[in-house]
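S.K.: Input file: protein-v4.cif. Contents: mmCIF, C-alpha atoms.
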data_start
#
loop_
_atom_site.group_PDB
_atom_site.id
_atom_site.type_symbol
_atom_site.label_atom_id
_atom_site.label_comp_id
_atom_site.auth_asym_id
_atom_site.auth_seq_id
_atom_site.Cartn_x
_atom_site.Cartn_y
_atom_site.Cartn_z
ATOM 1 C CA MET J 260 -6.166 -0.914 -21.806
ATOM 2 C CA ARG J 261 -6.247 1.446 -18.808
ATOM 3 C CA ILE J 262 -4.004 0.513 -15.867
ATOM 4 C CA GLN J 263 -4.840 2.148 -12.547
ATOM 5 C CA LEU J 264 -1.936 3.079 -10.291
ATOM 6 C CA THR J 265 -1.992 4.024 -6.618
ATOM 7 C CA ASP J 266 1.020 6.006 -5.478
ATOM 8 C CA VAL J 267 1.936 5.050 -1.906
ATOM 9 C CA PHE J 268 4.876 7.415 -1.326
ATOM 10 C CA LEU J 269 3.090 9.357 1.406
ATOM 11 C CA ARG J 270 2.466 6.208 3.442
ATOM 12 C CA ASP J 271 4.614 3.217 2.511
ATOM 13 C CA GLY J 272 7.275 5.429 0.947
ATOM 14 C CA LEU J 273 7.881 7.414 4.121
ATOM 15 C CA GLN J 274 7.192 4.932 6.926
ATOM 16 C CA ASP J 275 10.652 3.345 6.752
ATOM 17 C CA GLU J 276 12.670 6.536 6.250
ATOM 18 C CA ASP J 277 14.817 7.768 9.131
ATOM 19 C CA VAL J 278 13.318 11.245 8.835
ATOM 20 C CA VAL J 279 9.910 12.727 9.649
ATOM 21 C CA VAL J 280 8.548 14.739 6.748
ATOM 22 C CA PRO J 281 6.509 17.736 7.944
ATOM 23 C CA THR J 282 2.823 17.835 7.076
ATOM 24 C CA ALA J 283 3.323 20.746 4.694
ATOM 25 C CA GLY J 284 5.896 18.762 2.728
ATOM 26 C CA LYS J 285 3.565 15.779 2.439
ATOM 27 C CA LEU J 286 0.741 17.978 1.198
ATOM 28 C CA ALA J 287 3.016 19.572 -1.405
ATOM 29 C CA VAL J 288 3.879 16.133 -2.767
ATOM 30 C CA ALA J 289 0.177 15.205 -2.789
ATOM 31 C CA GLU J 290 -0.611 18.288 -4.871
ATOM 32 C CA ALA J 291 2.174 17.394 -7.327
ATOM 33 C CA LEU J 292 0.833 13.861 -7.688
ATOM 34 C CA VAL J 293 -2.686 15.139 -8.310
ATOM 35 C CA ALA J 294 -1.325 17.524 -10.954
ATOM 36 C CA ALA J 295 0.453 14.590 -12.635
ATOM 37 C CA GLY J 296 -2.834 12.717 -12.977
ATOM 38 C CA LEU J 297 -2.505 9.982 -10.352
ATOM 39 C CA PRO J 298 -6.017 8.600 -9.771
ATOM 40 C CA ARG J 299 -5.345 7.205 -6.277
ATOM 41 C CA LEU J 300 -3.005 8.199 -3.478
ATOM 42 C CA GLU J 301 -2.328 6.285 -0.270
ATOM 43 C CA VAL J 302 -1.798 9.227 2.024
ATOM 44 C CA ALA J 303 -1.575 8.048 5.637
ATOM 45 C CA SER J 304 -1.418 5.164 8.059
ATOM 46 C CA PHE J 305 -3.392 5.284 11.293
ATOM 47 C CA VAL J 306 -0.964 3.280 13.385
ATOM 48 C CA ASN J 307 0.724 3.782 16.743
ATOM 49 C CA PRO J 308 2.794 6.991 16.344
ATOM 50 C CA GLN J 309 5.210 5.754 18.992
ATOM 51 C CA LYS J 310 6.113 2.841 16.715
ATOM 52 C CA VAL J 311 5.847 4.683 13.394
ATOM 53 C CA PRO J 312 6.410 8.400 14.136
ATOM 54 C CA GLN J 313 6.575 9.151 10.410
ATOM 55 C CA MET J 314 2.776 8.686 10.387
ATOM 56 C CA GLY J 315 2.081 10.755 13.496
ATOM 57 C CA ASP J 316 0.295 13.491 11.518
ATOM 58 C CA ALA J 317 -2.086 11.187 9.643
ATOM 59 C CA ALA J 318 -5.219 13.147 10.603
ATOM 60 C CA GLU J 319 -3.615 16.476 9.685
ATOM 61 C CA VAL J 320 -2.542 15.166 6.290
ATOM 62 C CA LEU J 321 -6.015 13.848 5.558
ATOM 63 C CA ALA J 322 -7.581 17.186 6.502
ATOM 64 C CA GLY J 323 -5.203 19.208 4.326
ATOM 65 C CA LEU J 324 -5.400 17.281 1.054
ATOM 66 C CA PRO J 325 -6.425 19.188 -2.075
ATOM 67 C CA PRO J 326 -10.075 18.440 -2.910
ATOM 68 C CA SER J 327 -10.506 16.611 -6.211
ATOM 69 C CA GLU J 328 -13.339 14.592 -7.696
ATOM 70 C CA GLN J 329 -10.824 12.764 -9.907
ATOM 71 C CA VAL J 330 -8.645 11.444 -7.072
ATOM 72 C CA THR J 331 -9.307 8.841 -4.396
ATOM 73 C CA TYR J 332 -7.382 9.280 -1.149
ATOM 74 C CA THR J 333 -6.860 6.099 0.835
ATOM 75 C CA SER J 334 -5.631 5.465 4.369
ATOM 76 C CA LEU J 335 -4.374 2.339 6.097
ATOM 77 C CA ALA J 336 -5.291 0.703 9.395
ATOM 78 C CA LEU J 337 -3.848 -2.406 11.041
ATOM 79 C CA ASN J 338 -6.463 -2.869 13.768
ATOM 80 C CA GLY J 339 -9.810 -1.717 15.080
ATOM 81 C CA ARG J 340 -8.332 1.279 16.863
ATOM 82 C CA GLY J 341 -6.736 2.440 13.636
ATOM 83 C CA VAL J 342 -9.981 2.037 11.707
ATOM 84 C CA GLY J 343 -11.813 4.174 14.262
ATOM 85 C CA ARG J 344 -9.173 6.889 14.104
ATOM 86 C CA ALA J 345 -9.219 6.899 10.315
ATOM 87 C CA VAL J 346 -12.996 7.229 10.103
ATOM 88 C CA ALA J 347 -13.007 9.935 12.782
ATOM 89 C CA ALA J 348 -10.434 11.858 10.737
ATOM 90 C CA GLY J 349 -12.723 11.780 7.701
ATOM 91 C CA ALA J 350 -11.276 8.855 5.745
ATOM 92 C CA THR J 351 -13.767 7.468 3.236
ATOM 93 C CA ASP J 352 -11.521 4.774 1.730
ATOM 94 C CA VAL J 353 -9.642 2.613 4.221
ATOM 95 C CA ALA J 354 -7.285 -0.298 3.643
ATOM 96 C CA VAL J 355 -7.596 -2.882 6.394
ATOM 97 C CA VAL J 356 -4.397 -4.881 6.493
ATOM 98 C CA ALA J 357 -3.512 -8.353 7.706
ATOM 99 C CA SER J 358 -0.540 -10.612 7.107
ATOM 100 C CA ALA J 359 -0.487 -13.996 5.439
ATOM 101 C CA SER J 360 2.297 -14.954 7.866
ATOM 102 C CA GLN J 361 1.763 -15.523 11.581
ATOM 103 C CA ALA J 362 5.263 -14.313 12.442
ATOM 104 C CA HIS J 363 4.931 -11.117 10.420
ATOM 105 C CA SER J 364 1.455 -10.510 11.855
ATOM 106 C CA SER J 365 2.890 -10.641 15.370
ATOM 107 C CA ALA J 366 5.712 -8.252 14.445
ATOM 108 C CA ASN J 367 3.602 -5.846 12.383
ATOM 109 C CA ALA J 368 0.210 -5.843 14.118
ATOM 110 C CA GLY J 369 1.159 -7.159 17.549
ATOM 111 C CA GLN J 370 -1.210 -10.120 17.310
ATOM 112 C CA GLY J 371 -1.765 -13.332 15.360
ATOM 113 C CA ILE J 372 -3.633 -13.485 12.072
ATOM 114 C CA GLU J 373 -6.908 -14.789 13.501
ATOM 115 C CA ASP J 374 -7.074 -12.136 16.236
ATOM 116 C CA ALA J 375 -6.135 -9.399 13.770
ATOM 117 C CA LEU J 376 -8.857 -10.457 11.333
ATOM 118 C CA GLU J 377 -11.451 -10.730 14.101
ATOM 119 C CA SER J 378 -10.654 -7.206 15.283
ATOM 120 C CA LEU J 379 -10.867 -5.828 11.753
ATOM 121 C CA ALA J 380 -14.146 -7.607 11.023
ATOM 122 C CA ALA J 381 -15.822 -6.000 14.028
ATOM 123 C CA GLU J 382 -14.730 -2.527 12.936
ATOM 124 C CA VAL J 383 -15.657 -3.007 9.273
ATOM 125 C CA ALA J 384 -19.176 -3.931 10.407
ATOM 126 C CA ARG J 385 -19.389 -0.735 12.467
ATOM 127 C CA TYR J 386 -18.839 1.578 9.498
ATOM 128 C CA PRO J 387 -21.046 0.497 6.582
ATOM 129 C CA GLN J 388 -20.686 3.916 4.956
ATOM 130 C CA THR J 389 -16.903 3.501 4.579
ATOM 131 C CA HIS J 390 -15.334 1.832 1.534
ATOM 132 C CA PHE J 391 -12.987 -0.822 2.858
ATOM 133 C CA PHE J 392 -10.466 -2.721 0.819
ATOM 134 C CA ALA J 393 -7.963 -5.324 1.953
ATOM 135 C CA GLY J 394 -4.204 -5.369 1.968
ATOM 136 C CA ILE J 395 -2.508 -8.701 2.622
ATOM 137 C CA SER J 396 1.135 -8.335 3.634
ATOM 138 C CA THR J 397 3.734 -11.040 2.980
ATOM 139 C CA ALA J 398 1.268 -12.622 0.563
ATOM 140 C CA PHE J 399 3.983 -14.615 -1.177
ATOM 141 C CA THR J 400 7.155 -14.555 0.944
ATOM 142 C CA CYS J 401 7.763 -13.861 4.629
ATOM 143 C CA PRO J 402 11.120 -12.811 6.134
ATOM 144 C CA PHE J 403 10.524 -15.194 9.029
ATOM 145 C CA GLU J 404 8.605 -18.115 7.494
ATOM 146 C CA GLY J 405 9.767 -18.182 3.887
ATOM 147 C CA GLU J 406 7.410 -19.056 1.013
ATOM 148 C CA ILE J 407 3.703 -18.690 1.810
ATOM 149 C CA ASP J 408 1.429 -21.582 0.888
ATOM 150 C CA PRO J 409 -1.184 -20.241 -1.593
ATOM 151 C CA ALA J 410 -3.845 -22.234 0.262
ATOM 152 C CA HIS J 411 -3.050 -20.269 3.407
ATOM 153 C CA LEU J 412 -3.191 -17.015 1.455
ATOM 154 C CA LEU J 413 -6.609 -18.033 0.169
ATOM 155 C CA ARG J 414 -7.902 -18.467 3.738
ATOM 156 C CA VAL J 415 -6.954 -14.870 4.513
ATOM 157 C CA VAL J 416 -8.593 -13.677 1.286
ATOM 158 C CA ARG J 417 -11.786 -15.511 2.219
ATOM 159 C CA ALA J 418 -11.740 -13.999 5.707
ATOM 160 C CA PHE J 419 -11.832 -10.552 4.131
ATOM 161 C CA GLN J 420 -14.526 -11.671 1.713
ATOM 162 C CA ALA J 421 -16.613 -12.772 4.691
ATOM 163 C CA MET J 422 -16.401 -9.199 5.994
ATOM 164 C CA GLY J 423 -17.854 -7.954 2.711
ATOM 165 C CA VAL J 424 -14.483 -6.682 1.478
ATOM 166 C CA THR J 425 -14.176 -7.499 -2.218
ATOM 167 C CA ASP J 426 -11.130 -5.419 -3.292
ATOM 168 C CA ILE J 427 -8.042 -7.440 -2.376
ATOM 169 C CA GLY J 428 -4.466 -6.135 -2.562
ATOM 170 C CA LEU J 429 -1.688 -8.726 -2.444
ATOM 171 C CA ALA J 430 1.739 -7.503 -1.340
ATOM 172 C CA ASP J 431 5.195 -8.844 -2.076
ATOM 173 C CA THR J 432 6.452 -7.120 1.062
ATOM 174 C CA LEU J 433 10.091 -8.146 0.681
ATOM 175 C CA GLY J 434 10.194 -7.685 -3.080
ATOM 176 C CA THR J 435 12.109 -10.934 -3.496
ATOM 177 C CA THR J 436 9.396 -13.260 -4.809
ATOM 178 C CA PRO J 437 10.103 -14.579 -8.321
ATOM 179 C CA THR J 438 7.575 -13.612 -10.978
ATOM 180 C CA ASP J 439 6.439 -17.201 -11.568
ATOM 181 C CA GLN J 440 5.705 -17.690 -7.880
ATOM 182 C CA VAL J 441 3.598 -14.524 -7.747
ATOM 183 C CA VAL J 442 1.692 -15.490 -10.884
ATOM 184 C CA ASN J 443 1.035 -19.030 -9.668
ATOM 185 C CA ALA J 444 -0.132 -17.901 -6.221
ATOM 186 C CA VAL J 445 -2.446 -15.220 -7.594
ATOM 187 C CA ALA J 446 -3.851 -17.611 -10.208
ATOM 188 C CA TYR J 447 -4.607 -20.121 -7.432
ATOM 189 C CA VAL J 448 -6.539 -17.480 -5.482
ATOM 190 C CA GLN J 449 -8.302 -16.124 -8.566
ATOM 191 C CA ASP J 450 -9.432 -19.596 -9.595
ATOM 192 C CA ALA J 451 -10.892 -20.191 -6.148
ATOM 193 C CA GLU J 452 -12.489 -16.727 -5.792
ATOM 194 C CA PRO J 453 -12.971 -15.245 -9.283
ATOM 195 C CA GLY J 454 -15.543 -12.688 -8.199
ATOM 196 C CA LEU J 455 -13.110 -10.465 -6.300
ATOM 197 C CA THR J 456 -11.045 -7.539 -7.585
ATOM 198 C CA TYR J 457 -7.300 -8.036 -7.162
ATOM 199 C CA SER J 458 -4.367 -5.639 -7.163
ATOM 200 C CA LEU J 459 -0.642 -6.041 -6.568
ATOM 201 C CA HIS J 460 1.670 -4.127 -4.256
ATOM 202 C CA LEU J 461 5.208 -4.929 -5.392
ATOM 203 C CA HIS J 462 8.485 -4.109 -3.733
ATOM 204 C CA ASN J 463 11.540 -4.381 -5.930
ATOM 205 C CA ALA J 464 14.590 -6.116 -4.469
ATOM 206 C CA HIS J 465 16.058 -7.646 -7.608
ATOM 207 C CA GLY J 466 14.629 -5.441 -10.340
ATOM 208 C CA GLN J 467 12.054 -8.081 -11.283
ATOM 209 C CA ALA J 468 8.952 -6.060 -10.358
ATOM 210 C CA LEU J 469 8.374 -4.668 -13.865
ATOM 211 C CA THR J 470 8.497 -8.198 -15.255
ATOM 212 C CA THR J 471 5.959 -9.259 -12.633
ATOM 213 C CA VAL J 472 3.666 -6.376 -13.590
ATOM 214 C CA SER J 473 3.761 -7.377 -17.258
ATOM 215 C CA ALA J 474 3.033 -11.001 -16.406
ATOM 216 C CA ALA J 475 0.186 -10.004 -14.086
ATOM 217 C CA VAL J 476 -1.467 -7.912 -16.782
ATOM 218 C CA GLU J 477 -0.990 -10.422 -19.586
ATOM 219 C CA GLN J 478 -1.573 -13.684 -17.737
ATOM 220 C CA LEU J 479 -3.872 -12.705 -14.875
ATOM 221 C CA GLY J 480 -5.748 -9.694 -16.230
ATOM 222 C CA ILE J 481 -4.770 -7.539 -13.250
ATOM 223 C CA THR J 482 -5.002 -3.817 -13.980
ATOM 224 C CA ARG J 483 -4.380 -2.268 -10.544
ATOM 225 C CA PHE J 484 -0.934 -1.767 -9.044
ATOM 226 C CA ASP J 485 0.706 0.176 -6.206
ATOM 227 C CA SER J 486 3.970 2.080 -6.632
ATOM 228 C CA ALA J 487 5.884 4.884 -4.930
ATOM 229 C CA LEU J 488 7.647 7.975 -6.213
ATOM 230 C CA GLY J 489 11.384 7.390 -6.443
ATOM 231 C CA GLY J 490 11.051 3.758 -5.338
ATOM 232 C CA TYR J 491 10.836 4.781 -1.681
ATOM 233 C CA GLY J 492 9.356 2.453 0.895
ATOM 234 C CA GLY J 493 9.693 -0.645 2.989
ATOM 235 C CA CYS J 494 8.207 -2.248 6.074
ATOM 236 C CA PRO J 495 9.796 -1.402 9.450
ATOM 237 C CA PHE J 496 8.686 -4.807 10.755
ATOM 238 C CA ALA J 497 9.907 -6.954 7.835
ATOM 239 C CA PRO J 498 13.689 -7.299 7.945
ATOM 240 C CA GLY J 499 15.176 -7.111 4.466
ATOM 241 C CA ALA J 500 12.192 -5.382 2.875
ATOM 242 C CA HIS J 501 13.162 -3.296 -0.140
ATOM 243 C CA GLY J 502 11.659 -0.188 -1.677
ATOM 244 C CA ASN J 503 8.522 -0.132 -3.785
ATOM 245 C CA ILE J 504 8.473 -0.287 -7.521
ATOM 246 C CA ALA J 505 9.093 3.325 -8.616
ATOM 247 C CA THR J 506 6.007 5.069 -9.983
ATOM 248 C CA GLU J 507 7.968 6.869 -12.686
ATOM 249 C CA GLN J 508 9.584 3.631 -13.880
ATOM 250 C CA LEU J 509 6.289 1.771 -13.854
ATOM 251 C CA VAL J 510 4.509 4.514 -15.807
ATOM 252 C CA ALA J 511 7.267 4.605 -18.441
ATOM 253 C CA HIS J 512 7.200 0.812 -18.672
ATOM 254 C CA LEU J 513 3.434 0.688 -19.110
ATOM 255 C CA HIS J 514 3.362 3.506 -21.641
ATOM 256 C CA GLY J 515 6.152 1.819 -23.590
ATOM 257 C CA ALA J 516 4.066 -1.355 -23.705
ATOM 258 C CA GLY J 517 1.102 0.544 -25.108
ATOM 259 C CA TYR J 518 -0.997 0.765 -21.937
ATOM 260 C CA ASP J 519 -2.810 3.909 -20.800
ATOM 261 C CA THR J 520 -2.420 5.274 -17.253
ATOM 262 C CA GLY J 521 -3.717 8.834 -17.614
ATOM 263 C CA ILE J 522 -0.492 10.075 -15.985
ATOM 264 C CA ASP J 523 1.649 12.912 -17.356
ATOM 265 C CA GLU J 524 5.281 11.741 -17.257
ATOM 266 C CA ALA J 525 6.754 15.267 -17.279
ATOM 267 C CA ARG J 526 4.666 16.344 -14.291
ATOM 268 C CA LEU J 527 5.405 13.038 -12.597
ATOM 269 C CA ALA J 528 9.128 13.762 -12.935
ATOM 270 C CA GLU J 529 8.531 17.080 -11.148
ATOM 271 C CA ALA J 530 6.761 15.214 -8.339
ATOM 272 C CA VAL J 531 9.722 12.839 -8.013
ATOM 273 C CA ARG J 532 12.150 15.750 -7.676
ATOM 274 C CA LEU J 533 9.917 17.364 -5.059
ATOM 275 C CA ALA J 534 9.617 14.118 -3.087
ATOM 276 C CA ARG J 535 13.390 13.706 -2.981
ATOM 277 C CA ASP J 536 13.882 17.311 -1.897
ATOM 278 C CA VAL J 537 11.249 16.991 0.827
ATOM 279 C CA VAL J 538 12.883 13.859 2.252
ATOM 280 C CA ALA J 539 16.380 15.367 2.056
ATOM 281 C CA CYS J 540 15.310 18.508 3.934
ATOM 282 C CA SER J 541 13.302 16.796 6.691
ATOM 283 C CA PRO J 542 14.588 16.372 10.266
ATOM 284 C CA ALA J 543 16.067 13.047 11.288
ATOM 285 C CA LEU J 544 14.092 10.881 13.692
ATOM 286 C CA GLY J 545 16.805 11.059 16.330
ATOM 287 C CA SER J 546 16.747 14.861 16.352
ATOM 288 C CA LEU J 547 13.080 15.096 17.335
ATOM 289 C CA ASN J 548 11.585 15.190 20.802
ATOM 290 C CA PRO J 549 9.685 11.882 21.188
ATOM 291 C CA ALA J 550 6.573 13.862 22.100
ATOM 292 C CA ALA J 551 6.870 16.168 19.112
ATOM 293 C CA ARG J 552 4.496 15.853 16.166
ATOM 294 C CA PRO J 553 5.347 16.923 12.625
ATOM 295 C CA ALA J 554 3.733 20.187 11.578
#
Go ahead and render the structure in this file as structure tokens.

M.R.:
Amino acid sequence: MRIQLTDVFLRDGLQDEDVVVPTAGKLAVAEALVAAGLPRLEVASFVNPQKVPQMGDAAEVLAGLPPSEQVTYTSLALNGRGVGRAVAAGATDVAVVASASQAHSSANAGQGIEDALESLAAEVARYPQTHFFAGISTAFTCPFEGEIDPAHLLRVVRAFQAMGVTDIGLADTLGTTPTDQVVNAVAYVQDAEPGLTYSLHLHNAHGQALTTVSAAVEQLGITRFDSALGGYGGCPFAPGAHGNIATEQLVAHLHGAGYDTGIDEARLAEAVRLARDVVACSPALGSLNPAARPA
């Protein structure tokens, strides 16, 4: 069985670091990931650079990526303004993101769930040539509200479905949700809407993410997962959020279980070393002029 991974180091992996990686460093990591055989990379987030300065060069990153027919480059947008910026920068695959928690939606997107979804729906309709897919943050557990009712999660899934978005990513933003809870919530949504394509975005607070991946493949038939080089990542607006499941650990785990990813582990190890070096050598947030942009 082929498992498709999306490495999110360049977006989720860097957005919570206290450094700003220059554009050239990001592009070097992208080239290393392509060489390792990653089929999808999440490369940028078109969000307010005053709030997330690590993503201030999103358009420049998108423009500088190595061309490849074998790789899909995705970008993220939280609202209509972000969608417009992403499309204007040449993004062809855009993740439109909403929260399953009202409190997290207010902290992350600056508006409630209903307003956020309404804004996204209007923009999705404006760009029929763009491939949109959904990301649902705090799909299982919220730092402010606790456990998310699967019925509420389903309402958000159906809101995206109503927009014509059929690829749905469900995120354990904190990384603390027990495997059984994830499996039960996803099964509830799958049973209600079996015609959609689902993926999981797992953070890894207690080392249970690999177990959750195995359960998702075996019990739910899910074959798409997000991960980040070196386990970097987190959400600046979700207190207590932990890093992503590490791409290199996930690949080794999947290969050991007999699954195919198409990823070269030796080249992936080189990409991990490069990512760590790039982060270590980048200027700290506090050392930059607020008006400065990474270059």

S.K.: Using all atoms listed in the file, which of J:Leu335, J:Leu513, J:Val320, J:Ala289 sits nearest J:Glu477?

M.R.: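 Looking at the shortest contact to J:Glu477, the residue is J:Leu513.
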
S.K.: Counting all atoms listed in the file, which residue out of J:Phe419, J:Phe399, J:Tyr332, J:Phe392 sits closest to J:Thr436?

M.R.: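 Of the candidates, the smallest distance to J:Thr436 is held by J:Phe399.
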
S.K.: So for stretch 432-436 of chain J, what box centre and size do we get, axis-aligned, 8 Å extra on each of the six sides, every listed atom, Å to one decimal, as lines of an AutoDock Vina configuration file?

M.R.:
center_x = 9.3
center_y = -10.2
center_z = -1.9
size_x = 21.7
size_y = 22.1
size_z = 21.9

S.K.: Expanded to explicit residues, what is the PyMOL selection byres ((chain J and resi 357) around 6) for this file, as a PyMOL selection string?

M.R.: chain J and resi 356+358+395

S.K.: Can you pull out the residues contacting stretch 515-529 of chain J? Cut-off 12 Å, using all atoms listed in the file, and skip same-chain residues under 2 positions away; I want them as a ChimeraX atom specification.

M.R.: /J:260-266,287-299,329-330,469-470,472-473,476-477,482-484,487-489,505-513,531-536

S.K.: Please measure the separation of atom CA of J:Leu413 and atom CA of J:Val383, giving the value in Å to one decimal.

M.R.: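 The value is 19.8 Å.
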
S.K.: Go through the shown structure with the PyMOL selection byres ((chain J and resi 277) around 10) and write out the matching residues as a list in words.

M.R.: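 That expression, the PyMOL selection byres ((chain J and resi 277) around 10), corresponds here to Leu273, Gln274, Asp275, Glu276, Val278, Val279, Val280, Pro312, Gln313, Val538, Ser541, Pro542, Ala543, Leu544 and Gly545 of chain J.
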
S.K.: Please write the residues from the selection above to a file, keeping C-alpha atoms, as a PDB file, in the coordinates of the input.

M.R.:
ATOM      1  CA  LEU J 273       7.881   7.414   4.121  1.00  0.00           C
ATOM      2  CA  GLN J 274       7.192   4.932   6.926  1.00  0.00           C
ATOM      3  CA  ASP J 275      10.652   3.345   6.752  1.00  0.00           C
ATOM      4  CA  GLU J 276      12.670   6.536   6.250  1.00  0.00           C
ATOM      5  CA  VAL J 278      13.318  11.245   8.835  1.00  0.00           C
ATOM      6  CA  VAL J 279       9.910  12.727   9.649  1.00  0.00           C
ATOM      7  CA  VAL J 280       8.548  14.739   6.748  1.00  0.00           C
ATOM      8  CA  PRO J 312       6.410   8.400  14.136  1.00  0.00           C
ATOM      9  CA  GLN J 313       6.575   9.151  10.410  1.00  0.00           C
ATOM     10  CA  VAL J 538      12.883  13.859   2.252  1.00  0.00           C
ATOM     11  CA  SER J 541      13.302  16.796   6.691  1.00  0.00           C
ATOM     12  CA  PRO J 542      14.588  16.372  10.266  1.00  0.00           C
ATOM     13  CA  ALA J 543      16.067  13.047  11.288  1.00  0.00           C
ATOM     14  CA  LEU J 544      14.092  10.881  13.692  1.00  0.00           C
ATOM     15  CA  GLY J 545      16.805  11.059  16.330  1.00  0.00           C
TER      16      GLY J 545
END

S.K.: How many Å separate atom CA of J:Gly428 from atom CA of J:Val342?

M.R.: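 Interatomic distance, atom CA of J:Gly428 to atom CA of J:Val342: 17.3 Å.
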
S.K.: Set the distance at 9 Å and use all atoms listed in the file: which residues neighbour J:Ala359 once local chain neighbours fewer than 4 positions away are removed? I'd like the list as a list in words.

M.R.: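 The residues satisfying every condition are His363, Ser364, Ile372, Ile395, Ser396, Thr397, Ala398, Phe399, Thr400, Cys401, Ile407, His411, Leu412, Arg414 and Val415 of chain J.
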
S.K.: Residues within 7 Å of (1.7, 9.0, -0.2), file coordinates, counting only C-alpha atoms: what are they? Give the list as an MDAnalysis selection string.

M.R.: chainID J and resid 266:270 272 289 300:303

S.K.: Could you list, as a ChimeraX atom specification, every residue matched by the PyMOL selection byres ((chain J and resi 343-347) around 12) in this structure?

M.R.: /J:302-307,315-322,332-342,348-355,378-379,381-391

S.K.: Between atom CA of J:Ala380 and atom CA of J:Ser458, what is the spacing in Å?

M.R.: 20.7 Å

S.K.: Can you pull out the residues contacting J:Gly466? Cut-off 10 Å, using only C-alpha atoms, and skip same-chain residues under 3 positions away; I want them as a list in words.

M.R.: Gly434, Thr435, His462, Asn463, Leu469, Thr470, Thr471 and Ile504 of chain J

S.K.: Using all atoms listed in the file, determine which residues lie at most 12 Å from J:Gly454, disregarding the query and same-chain residues fewer than 4 positions distant; provide the list as number ranges by chain.

M.R.: J: 416-417, 420, 424-427, 448-450

S.K.: Kindly save the residues from that selection, with C-alpha atoms included, as a CSV table (one decimal), in the coordinates of the input.

M.R.:
chain,number,residue,atom,x,y,z
J,416,VAL,CA,-8.6,-13.7,1.3
J,417,ARG,CA,-11.8,-15.5,2.2
J,420,GLN,CA,-14.5,-11.7,1.7
J,424,VAL,CA,-14.5,-6.7,1.5
J,425,THR,CA,-14.2,-7.5,-2.2
J,426,ASP,CA,-11.1,-5.4,-3.3
J,427,ILE,CA,-8.0,-7.4,-2.4
J,448,VAL,CA,-6.5,-17.5,-5.5
J,449,GLN,CA,-8.3,-16.1,-8.6
J,450,ASP,CA,-9.4,-19.6,-9.6

S.K.: So, with only C-alpha atoms as the atoms that count, which of J:Asp439, J:Leu433, J:Thr456, J:Ile481 lies closest to J:Ala393?

M.R.: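 Comparing J:Asp439, J:Leu433, J:Thr456, J:Ile481 against J:Ala393, the winner is J:Thr456.
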
S.K.: Saving stretch 267-283 of chain J with C-alpha atoms, as a tab-separated table (two decimals), in the first residue's frame, what would that file be?

M.R.:
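result-v2.tsv was written with the following content:
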chain	number	residue	atom	x	y	z
J	267	VAL	CA	4.92	20.78	6.43
J	268	PHE	CA	8.29	21.94	7.80
J	269	LEU	CA	8.37	25.06	5.64
J	270	ARG	CA	5.01	26.25	6.98
J	271	ASP	CA	3.88	24.60	10.21
J	272	GLY	CA	7.44	23.65	11.14
J	273	LEU	CA	8.71	27.22	11.06
J	274	GLN	CA	5.71	29.31	12.10
J	275	ASP	CA	6.26	28.75	15.83
J	276	GLU	CA	10.06	29.07	15.85
J	277	ASP	CA	11.58	32.17	17.42
J	278	VAL	CA	13.72	32.75	14.34
J	279	VAL	CA	12.97	33.90	10.79
J	280	VAL	CA	14.53	31.59	8.23
J	281	PRO	CA	15.67	33.50	5.12
J	282	THR	CA	13.99	32.67	1.82
J	283	ALA	CA	17.16	31.09	0.45
